[in-house]
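Visitor: Have a peek at protein.pdb (PDB, C-alpha atoms).
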MODEL        1
ATOM      1  CA  MET A 234     -13.329 -33.523  -1.376
ATOM      2  CA  LYS A 235     -11.666 -33.409  -4.799
ATOM      3  CA  ASN A 236      -9.333 -30.426  -5.337
ATOM      4  CA  LEU A 237      -9.400 -29.367  -1.665
ATOM      5  CA  GLY A 238      -5.578 -29.121  -1.773
ATOM      6  CA  SER A 239      -5.743 -26.714  -4.724
ATOM      7  CA  VAL A 240      -8.317 -24.535  -2.933
ATOM      8  CA  PHE A 241      -6.126 -24.328   0.188
ATOM      9  CA  ALA A 242      -3.018 -23.697  -1.955
ATOM     10  CA  ALA A 243      -4.711 -20.760  -3.735
ATOM     11  CA  TYR A 244      -5.822 -19.155  -0.453
ATOM     12  CA  LEU A 245      -2.535 -19.825   1.357
ATOM     13  CA  ILE A 246      -0.273 -18.577  -1.450
ATOM     14  CA  GLY A 247      -2.533 -15.586  -2.146
ATOM     15  CA  TRP A 248      -2.559 -14.490   1.502
ATOM     16  CA  ALA A 249       1.175 -15.213   1.798
ATOM     17  CA  VAL A 250       1.789 -12.662  -0.989
ATOM     18  CA  PHE A 251      -0.250 -10.039   0.920
ATOM     19  CA  PHE A 252       1.498 -10.962   4.193
ATOM     20  CA  ILE A 253       4.994 -10.700   2.665
ATOM     21  CA  PHE A 254       4.072  -7.319   1.166
ATOM     22  CA  PHE A 255       2.803  -6.117   4.564
ATOM     23  CA  VAL A 256       5.942  -7.341   6.386
ATOM     24  CA  THR A 257       8.269  -5.605   3.872
ATOM     25  CA  LEU A 258       6.119  -2.466   4.169
ATOM     26  CA  ALA A 259       6.393  -2.533   7.973
ATOM     27  CA  LYS A 260      10.196  -3.036   7.701
ATOM     28  CA  ARG A 261      10.588  -0.154   5.227
ATOM     29  CA  THR A 262       8.413   2.087   7.456
ATOM     30  CA  SER A 263      10.447   1.190  10.534
ATOM     31  CA  ASP A 264      13.752   1.915   8.716
ATOM     32  CA  ILE A 265      12.575   5.259   7.344
ATOM     33  CA  ARG A 266      11.159   6.248  10.766
ATOM     34  CA  ALA A 267      14.574   5.552  12.339
ATOM     35  CA  GLU A 268      16.264   7.613   9.574
ATOM     36  CA  LEU A 269      13.784  10.452  10.135
ATOM     37  CA  GLU A 270      14.485  10.478  13.882
ATOM     38  CA  ARG A 271      18.258  10.419  13.253
ATOM     39  CA  LEU A 272      18.015  13.396  10.868
ATOM     40  CA  LYS A 273      15.731  15.329  13.233
ATOM     41  CA  ASN A 274      18.208  14.833  16.070
ATOM     42  CA  SER A 275      21.213  15.751  13.923
ATOM     43  CA  LEU A 276      19.743  19.096  12.838
ATOM     44  CA  PRO A 277      19.736  21.975  15.356
ATOM     45  CA  ARG A 278      16.131  23.194  15.570
ATOM     46  CA  GLY A 279      14.301  25.908  17.500
ATOM     47  CA  LYS A 280      17.337  26.880  19.559
TER      48      LYS A 280
ATOM     49  CA  MET B 290      -1.231   5.321  14.845
ATOM     50  CA  GLY B 291      -4.085   4.042  17.090
ATOM     51  CA  LYS B 292      -6.683   4.515  14.349
ATOM     52  CA  ARG B 293      -4.430   2.670  11.881
ATOM     53  CA  ILE B 294      -4.133  -0.303  14.279
ATOM     54  CA  VAL B 295      -7.942  -0.416  14.732
ATOM     55  CA  PHE B 296      -8.326  -0.251  10.926
ATOM     56  CA  GLY B 297      -5.809  -3.102  10.506
ATOM     57  CA  VAL B 298      -7.528  -5.303  13.110
ATOM     58  CA  ALA B 299     -10.944  -4.619  11.517
ATOM     59  CA  ALA B 300      -9.551  -5.501   8.060
ATOM     60  CA  VAL B 301      -8.079  -8.794   9.342
ATOM     61  CA  LEU B 302     -11.346  -9.707  11.135
ATOM     62  CA  LEU B 303     -13.269  -9.063   7.913
ATOM     63  CA  VAL B 304     -10.800 -11.278   6.003
ATOM     64  CA  VAL B 305     -11.380 -14.112   8.523
ATOM     65  CA  ALA B 306     -15.181 -13.664   8.216
ATOM     66  CA  ALA B 307     -14.919 -13.769   4.398
ATOM     67  CA  ALA B 308     -12.790 -16.941   4.524
ATOM     68  CA  TYR B 309     -15.388 -18.564   6.834
ATOM     69  CA  ALA B 310     -18.195 -17.607   4.410
ATOM     70  CA  ASN B 311     -16.226 -18.903   1.403
ATOM     71  CA  PHE B 312     -15.492 -22.303   2.984
ATOM     72  CA  PHE B 313     -18.516 -22.976   5.226
ATOM     73  CA  ILE B 314     -21.505 -20.939   3.986
ATOM     74  CA  ALA B 315     -21.104 -20.810   0.188
ATOM     75  CA  PRO B 316     -22.798 -23.739  -1.564
ATOM     76  CA  THR B 317     -20.634 -26.114  -3.591
ATOM     77  CA  GLU B 318     -20.890 -25.362  -7.297
ATOM     78  CA  ARG B 319     -22.470 -28.229  -9.289
ATOM     79  CA  THR B 320     -20.024 -28.512 -12.214
ATOM     80  CA  MET B 321     -16.642 -27.521 -10.768
ATOM     81  CA  GLY B 322     -17.173 -28.593  -7.166
ATOM     82  CA  LEU B 323     -14.876 -27.330  -4.388
ATOM     83  CA  ILE B 324     -12.351 -25.649  -6.688
ATOM     84  CA  GLN B 325     -14.937 -22.950  -7.553
ATOM     85  CA  ARG B 326     -14.467 -21.565  -4.009
ATOM     86  CA  ILE B 327     -11.280 -19.897  -5.312
ATOM     87  CA  PHE B 328     -13.620 -17.611  -7.321
ATOM     88  CA  TYR B 329     -14.589 -15.528  -4.241
ATOM     89  CA  PHE B 330     -10.965 -14.659  -3.420
ATOM     90  CA  HIS B 331      -9.670 -14.499  -7.022
ATOM     91  CA  ALA B 332     -12.403 -12.269  -8.512
ATOM     92  CA  ALA B 333     -12.812 -10.050  -5.416
ATOM     93  CA  THR B 334      -9.032  -9.407  -5.365
ATOM     94  CA  ALA B 335      -9.166  -8.566  -9.090
ATOM     95  CA  TRP B 336     -11.958  -6.025  -8.479
ATOM     96  CA  ALA B 337     -10.069  -4.463  -5.552
ATOM     97  CA  GLY B 338      -6.881  -4.315  -7.670
ATOM     98  CA  GLU B 339      -8.694  -2.614 -10.557
ATOM     99  CA  THR B 340     -10.295  -0.068  -8.179
ATOM    100  CA  THR B 341      -6.865   0.638  -6.655
ATOM    101  CA  LEU B 342      -5.365   1.161 -10.121
ATOM    102  CA  PHE B 343      -8.272   3.502 -10.954
ATOM    103  CA  VAL B 344      -7.379   5.588  -7.867
ATOM    104  CA  CYS B 345      -3.756   5.543  -9.119
ATOM    105  CA  PHE B 346      -4.968   6.828 -12.502
ATOM    106  CA  VAL B 347      -6.975   9.662 -10.886
ATOM    107  CA  ALA B 348      -3.979  10.574  -8.677
ATOM    108  CA  ASN B 349      -1.718  10.628 -11.774
ATOM    109  CA  LEU B 350      -4.109  12.952 -13.622
ATOM    110  CA  LEU B 351      -4.375  15.207 -10.567
ATOM    111  CA  TYR B 352      -0.575  15.348 -10.290
ATOM    112  CA  ILE B 353      -0.251  16.354 -13.970
ATOM    113  CA  TRP B 354      -2.862  19.067 -13.401
ATOM    114  CA  LYS B 355      -1.955  20.411  -9.933
ATOM    115  CA  ARG B 356       1.693  19.261  -9.447
ATOM    116  CA  SER B 357       1.061  18.605  -5.740
ATOM    117  CA  PRO B 358       3.384  15.933  -4.250
ATOM    118  CA  LYS B 359       0.403  14.414  -2.356
ATOM    119  CA  TYR B 360      -0.943  13.067  -5.649
ATOM    120  CA  ASP B 361       2.441  11.601  -6.532
ATOM    121  CA  TRP B 362       2.536   9.789  -3.159
ATOM    122  CA  LEU B 363      -1.002   8.488  -3.715
ATOM    123  CA  GLY B 364      -0.114   7.406  -7.268
ATOM    124  CA  VAL B 365       2.907   5.297  -6.298
ATOM    125  CA  THR B 366       1.045   3.930  -3.255
ATOM    126  CA  CYS B 367      -1.895   2.694  -5.341
ATOM    127  CA  ALA B 368       0.386   1.386  -8.108
ATOM    128  CA  GLU B 369       2.227  -0.798  -5.567
ATOM    129  CA  VAL B 370      -0.907  -2.083  -3.788
ATOM    130  CA  GLY B 371      -2.665  -2.656  -7.138
ATOM    131  CA  LEU B 372       0.362  -4.587  -8.402
ATOM    132  CA  VAL B 373       0.238  -6.863  -5.324
ATOM    133  CA  CYS B 374      -3.481  -7.537  -5.978
ATOM    134  CA  ILE B 375      -2.812  -8.346  -9.649
ATOM    135  CA  THR B 376       0.045 -10.661  -8.582
ATOM    136  CA  VAL B 377      -2.383 -12.573  -6.336
ATOM    137  CA  VAL B 378      -4.892 -12.765  -9.212
ATOM    138  CA  LEU B 379      -2.201 -14.142 -11.551
ATOM    139  CA  ILE B 380      -1.252 -16.802  -8.968
ATOM    140  CA  THR B 381      -4.735 -17.916  -7.871
ATOM    141  CA  GLY B 382      -6.091 -17.992 -11.451
ATOM    142  CA  PRO B 383      -3.781 -20.763 -12.723
ATOM    143  CA  ILE B 384      -4.322 -22.802  -9.502
ATOM    144  CA  TRP B 385      -8.067 -22.684 -10.281
ATOM    145  CA  ALA B 386      -7.538 -23.214 -14.031
ATOM    146  CA  HIS B 387      -5.349 -26.326 -13.833
ATOM    147  CA  PRO B 388      -7.950 -28.845 -12.530
ATOM    148  CA  VAL B 389     -10.761 -27.255 -14.600
ATOM    149  CA  TRP B 390      -9.075 -26.562 -17.967
ATOM    150  CA  GLY B 391      -6.274 -29.111 -17.689
ATOM    151  CA  ILE B 392      -3.680 -26.351 -18.252
ATOM    152  CA  TRP B 393      -2.057 -23.764 -15.977
ATOM    153  CA  TRP B 394      -1.987 -20.961 -18.512
ATOM    154  CA  THR B 395      -3.084 -19.989 -22.005
ATOM    155  CA  TRP B 396      -2.562 -16.762 -23.933
ATOM    156  CA  ASP B 397      -6.257 -15.860 -24.137
ATOM    157  CA  ALA B 398      -7.546 -12.267 -24.098
ATOM    158  CA  ARG B 399      -8.246 -11.987 -20.339
ATOM    159  CA  LEU B 400      -5.084 -13.728 -19.144
ATOM    160  CA  THR B 401      -2.809 -11.907 -21.599
ATOM    161  CA  SER B 402      -4.271  -8.451 -20.896
ATOM    162  CA  THR B 403      -3.937  -9.103 -17.120
ATOM    163  CA  PHE B 404      -0.314 -10.188 -17.534
ATOM    164  CA  VAL B 405       0.365  -7.048 -19.636
ATOM    165  CA  LEU B 406      -1.255  -4.996 -16.836
ATOM    166  CA  TRP B 407       1.135  -6.587 -14.326
ATOM    167  CA  LEU B 408       4.135  -5.812 -16.586
ATOM    168  CA  LEU B 409       2.972  -2.192 -17.047
ATOM    169  CA  TYR B 410       2.843  -1.517 -13.293
ATOM    170  CA  VAL B 411       6.173  -3.288 -12.695
ATOM    171  CA  SER B 412       7.537  -0.885 -15.369
ATOM    172  CA  TYR B 413       5.872   2.067 -13.576
ATOM    173  CA  LEU B 414       7.734   1.204 -10.356
ATOM    174  CA  LEU B 415      11.015   0.514 -12.211
ATOM    175  CA  LEU B 416      10.736   3.863 -13.990
ATOM    176  CA  ARG B 417      10.411   5.630 -10.629
ATOM    177  CA  SER B 418      13.475   3.871  -9.267
ATOM    178  CA  LEU B 419      15.547   5.081 -12.264
ATOM    179  CA  ILE B 420      14.841   8.830 -11.888
ATOM    180  CA  GLU B 421      16.574  10.708  -9.056
ATOM    181  CA  GLU B 422      15.067  14.178  -9.368
ATOM    182  CA  PRO B 423      11.702  14.166  -7.463
ATOM    183  CA  ASP B 424       9.641  16.507  -9.719
ATOM    184  CA  ARG B 425      10.828  14.851 -12.927
ATOM    185  CA  ARG B 426      10.203  11.383 -11.417
ATOM    186  CA  ALA B 427       6.690  12.382 -10.337
ATOM    187  CA  LEU B 428       5.743  13.873 -13.724
ATOM    188  CA  LEU B 429       7.154  11.070 -15.892
ATOM    189  CA  SER B 430       5.648   8.338 -13.726
ATOM    190  CA  ALA B 431       2.268  10.152 -13.704
ATOM    191  CA  LEU B 432       2.328  10.308 -17.522
ATOM    192  CA  PHE B 433       3.308   6.631 -17.701
ATOM    193  CA  GLY B 434       0.616   5.755 -15.126
ATOM    194  CA  VAL B 435      -2.102   7.362 -17.279
ATOM    195  CA  PHE B 436      -0.897   5.276 -20.234
ATOM    196  CA  ALA B 437      -0.683   2.075 -18.118
ATOM    197  CA  PHE B 438      -4.265   2.471 -16.897
ATOM    198  CA  LEU B 439      -5.553   2.140 -20.486
ATOM    199  CA  ASP B 440      -5.114  -1.626 -20.069
ATOM    200  CA  VAL B 441      -7.566  -1.815 -17.103
ATOM    201  CA  PRO B 442     -10.754  -1.341 -19.208
ATOM    202  CA  LEU B 443      -9.264  -3.791 -21.716
ATOM    203  CA  VAL B 444      -8.892  -6.399 -18.919
ATOM    204  CA  PHE B 445     -12.464  -5.727 -17.714
ATOM    205  CA  PHE B 446     -14.101  -5.922 -21.149
ATOM    206  CA  SER B 447     -11.868  -8.678 -22.619
ATOM    207  CA  ILE B 448     -14.276 -11.454 -21.529
ATOM    208  CA  ARG B 449     -17.222  -9.463 -22.896
ATOM    209  CA  TRP B 450     -15.639  -8.612 -26.274
ATOM    210  CA  TRP B 451     -13.884 -11.913 -27.039
ATOM    211  CA  ARG B 452     -14.996 -15.469 -26.227
ATOM    212  CA  THR B 453     -11.766 -17.303 -25.467
ATOM    213  CA  GLN B 454     -10.662 -19.692 -22.694
ATOM    214  CA  HIS B 455     -11.530 -17.579 -19.613
ATOM    215  CA  PRO B 456     -15.180 -18.021 -18.474
ATOM    216  CA  ALA B 457     -17.732 -15.379 -19.498
ATOM    217  CA  PRO B 458     -18.667 -12.892 -16.734
ATOM    218  CA  VAL B 459     -21.188 -14.067 -14.113
ATOM    219  CA  ILE B 460     -21.580 -10.532 -12.699
ATOM    220  CA  MET B 461     -22.829  -7.802 -15.076
ATOM    221  CA  GLY B 462     -22.580 -10.312 -17.908
ATOM    222  CA  GLY B 463     -25.982  -9.666 -19.475
ATOM    223  CA  SER B 464     -28.771 -12.189 -20.068
ATOM    224  CA  GLY B 465     -27.940 -15.803 -19.280
ATOM    225  CA  SER B 466     -25.314 -14.889 -16.681
ATOM    226  CA  GLY B 467     -25.710 -14.690 -12.918
ATOM    227  CA  LEU B 468     -24.965 -16.384  -9.612
ATOM    228  CA  ASP B 469     -26.941 -18.338  -7.033
ATOM    229  CA  PRO B 470     -28.304 -15.718  -4.506
ATOM    230  CA  THR B 471     -26.148 -17.072  -1.614
ATOM    231  CA  MET B 472     -23.047 -17.165  -3.828
ATOM    232  CA  SER B 473     -23.810 -13.626  -5.009
ATOM    233  CA  LYS B 474     -24.098 -12.278  -1.426
ATOM    234  CA  ILE B 475     -20.849 -13.983  -0.427
ATOM    235  CA  PHE B 476     -19.078 -12.696  -3.529
ATOM    236  CA  PHE B 477     -20.106  -9.079  -2.865
ATOM    237  CA  PHE B 478     -19.087  -9.471   0.797
ATOM    238  CA  ASN B 479     -15.653 -10.623  -0.446
ATOM    239  CA  VAL B 480     -15.505  -7.624  -2.805
ATOM    240  CA  LEU B 481     -16.195  -5.327   0.167
ATOM    241  CA  VAL B 482     -13.600  -7.102   2.349
ATOM    242  CA  MET B 483     -10.873  -6.949  -0.318
ATOM    243  CA  HIS B 484     -11.570  -3.241  -0.869
ATOM    244  CA  VAL B 485     -11.284  -2.589   2.899
ATOM    245  CA  PHE B 486      -8.059  -4.631   3.024
ATOM    246  CA  ALA B 487      -6.629  -2.770  -0.003
ATOM    247  CA  ALA B 488      -7.593   0.553   1.646
ATOM    248  CA  PHE B 489      -5.700  -0.530   4.795
ATOM    249  CA  LEU B 490      -2.573  -1.320   2.712
ATOM    250  CA  ILE B 491      -2.938   2.016   0.867
ATOM    251  CA  VAL B 492      -3.041   3.946   4.172
ATOM    252  CA  GLU B 493       0.076   2.120   5.454
ATOM    253  CA  ARG B 494       1.984   2.601   2.168
ATOM    254  CA  TYR B 495       0.980   6.281   1.942
ATOM    255  CA  VAL B 496       2.401   6.936   5.427
ATOM    256  CA  LEU B 497       5.727   5.429   4.244
ATOM    257  CA  GLU B 498       5.776   7.626   1.122
ATOM    258  CA  LYS B 499       5.098  10.761   3.172
ATOM    259  CA  MET B 500       7.926   9.879   5.569
ATOM    260  CA  LYS B 501      10.280   9.365   2.595
ATOM    261  CA  HIS B 502       9.428  12.900   1.486
ATOM    262  CA  ASP B 503      10.164  14.245   5.009
ATOM    263  CA  VAL B 504      13.531  12.429   5.012
ATOM    264  CA  ASP B 505      14.394  13.968   1.599
ATOM    265  CA  LEU B 506      13.588  17.449   2.925
ATOM    266  CA  LEU B 507      15.690  16.969   6.064
ATOM    267  CA  GLN B 508      18.585  15.521   4.055
ATOM    268  CA  ARG B 509      18.565  18.576   1.766
ATOM    269  CA  GLU B 510      18.438  20.829   4.839
ATOM    270  CA  ALA B 511      21.393  18.957   6.366
ATOM    271  CA  GLU B 512      23.388  19.236   3.112
ATOM    272  CA  ALA B 513      22.685  22.983   2.914
ATOM    273  CA  GLN B 514      24.175  23.574   6.367
TER     274      GLN B 514
ENDMDL
END
Let me see whether you can do it: turn the structure in this file into structure tokens.
Guide:
Amino acid sequence: MKNLGSVFAAYLIGWAVFFIFFVTLAKRTSDIRAELERLKNSLPRGK
Amino acid sequence: MGKRIVFGVAAVLLVVAAAYANFFIAPTERTMGLIQRIFYFHAATAWAGETTLFVCFVANLLYIWKRSPKYDWLGVTCAEVGLVCITVVLITGPIWAHPVWGIWWTWDARLTSTFVLWLLYVSYLLLRSLIEEPDRRALLSALFGVFAFLDVPLVFFSIRWWRTQHPAPVIMGGSGSGLDPTMSKIFFFNVLVMHVFAAFLIVERYVLEKMKHDVDLLQREAEAQ
């Protein structure tokens, strides 16, 4: 079982990078969605 | 939204299936042993990253030609997802290299050209953050993106043109190269999975870019009132 730790480290760190990217993407999307809703509500439309 | 959730769940299930195949189905390589199992993740992520950067290149060319904002959104989306893939490649490579080569890093042709690729796409994203005006930002970053992509073929062919530290290609490497049939099937399954996962990230990132554009439009409308 030589180098098993290195194999796990590569997979864990690699997937952690993807996971962190996805979490920051979800946070940015949530923030911009809130901003979009705020702007839509602040502008008088179709009245 | 529902379709995007289904796509995300399918991508994650495929990732779990690929991990199972890499650890429990793939045979142990005779010379390197267990550490070779990093190959399936490392090389498949590199292929997915290069495909993503190719889509970025096509989107950049289409923006220069048609000046449609859709291509600018696709360009920045693919640049960001491709950069994440290349980051993973640059992390997993040294973890694999250290027990096999006895060093974490060396400035050989493949490693150096990949690091330059990473720097080029970091520069692409930095350039975008420095330009306020949307049309100017889109055009300059598209032109820079076309230039940055020139390094992708160099990365791909570096291990074919120069024999340095990085192993010679085992896929499409000509006579004397090749993989065990089970390893080959598992590798191509990983390539498929990483492309599906990259496509999922591209869809999510594209939605964000489109919403940013909608916010810009509404902000300009609000300022005009």
Visitor: Return as an MDAnalysis selection string the residues belonging to chain B that are within 9 Å of chain A, counting all atoms listed in the file.
Guide: chainID B and resid 308 322:327 330:331 370 373:374 376:378 380:382 384:385 388 490 493:494 496:498 500:501 503:504 507:508 510:511
Visitor: Return as JSON the box centre and box size in Å, one decimal, for an axis-aligned box around all listed atoms of stretch 243-255 of chain A padded by 6 Å per side.
Guide:
{"center_x": -0.4, "center_y": -13.4, "center_z": 0.4, "size_x": 22.8, "size_y": 26.6, "size_z": 20.3}
Visitor: What is the atom CA of B:Pro423-atom CA of A:Thr257 distance in Å, reported with one decimal?
Guide: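 Straight-line distance from atom CA of B:Pro423 to atom CA of A:Thr257 works out to 23.0 Å.
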Visitor: If I take atom CA of B:Thr334 and atom CA of B:Phe346, how far is one from the other in Å, to one decimal?
Guide: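 Atom CA of B:Phe346 lies at a distance of 18.2 Å from atom CA of B:Thr334.
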Visitor: Give me the result of the PyMOL selection byres ((chain B and resi 447) around 12) on this file, residue by residue, as a list of chain:residue names.
Guide: B:Asp397, B:Ala398, B:Arg399, B:Leu400, B:Thr401, B:Ser402, B:Thr403, B:Asp440, B:Val441, B:Pro442, B:Leu443, B:Val444, B:Phe445, B:Phe446, B:Ile448, B:Arg449, B:Trp450, B:Trp451, B:Arg452, B:Thr453, B:Gln454, B:His455, B:Pro456, B:Ala457, B:Pro458, B:Gly462
Visitor: Could you tell me which residues the PyMOL selection byres ((chain B and resi 479) around 9) returns for this structure, as a list in words?
Guide: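 Listing what the PyMOL selection byres ((chain B and resi 479) around 9) selects in the shown file: Leu303, Val304, Ala307, Ala308, Ala310, Asn311, Tyr329, Phe330, Ala332, Ala333, Thr334, Lys474, Ile475, Phe476, Phe477, Phe478, Val480, Leu481, Val482, Met483 and His484 of chain B.
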Visitor: Go ahead and dump the residues you just picked, C-alpha atoms, as an mmCIF file, keeping the file's coordinate frame.
Guide:
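out37.cif, written as the output of this step:
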data_model
loop_
_atom_site.group_PDB
_atom_site.id
_atom_site.type_symbol
_atom_site.label_atom_id
_atom_site.label_comp_id
_atom_site.auth_asym_id
_atom_site.auth_seq_id
_atom_site.Cartn_x
_atom_site.Cartn_y
_atom_site.Cartn_z
ATOM 1 C CA LEU B 303 -13.269 -9.063 7.913
ATOM 2 C CA VAL B 304 -10.800 -11.278 6.003
ATOM 3 C CA ALA B 307 -14.919 -13.769 4.398
ATOM 4 C CA ALA B 308 -12.790 -16.941 4.524
ATOM 5 C CA ALA B 310 -18.195 -17.607 4.410
ATOM 6 C CA ASN B 311 -16.226 -18.903 1.403
ATOM 7 C CA TYR B 329 -14.589 -15.528 -4.241
ATOM 8 C CA PHE B 330 -10.965 -14.659 -3.420
ATOM 9 C CA ALA B 332 -12.403 -12.269 -8.512
ATOM 10 C CA ALA B 333 -12.812 -10.050 -5.416
ATOM 11 C CA THR B 334 -9.032 -9.407 -5.365
ATOM 12 C CA LYS B 474 -24.098 -12.278 -1.426
ATOM 13 C CA ILE B 475 -20.849 -13.983 -0.427
ATOM 14 C CA PHE B 476 -19.078 -12.696 -3.529
ATOM 15 C CA PHE B 477 -20.106 -9.079 -2.865
ATOM 16 C CA PHE B 478 -19.087 -9.471 0.797
ATOM 17 C CA VAL B 480 -15.505 -7.624 -2.805
ATOM 18 C CA LEU B 481 -16.195 -5.327 0.167
ATOM 19 C CA VAL B 482 -13.600 -7.102 2.349
ATOM 20 C CA MET B 483 -10.873 -6.949 -0.318
ATOM 21 C CA HIS B 484 -11.570 -3.241 -0.869
#
Visitor: If I take atom CA of B:Leu342 and atom CA of B:Gly371, how far is one from the other in Å, to one decimal?
Guide: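 About the pair atom CA of B:Leu342 and atom CA of B:Gly371: they are 5.5 Å apart.
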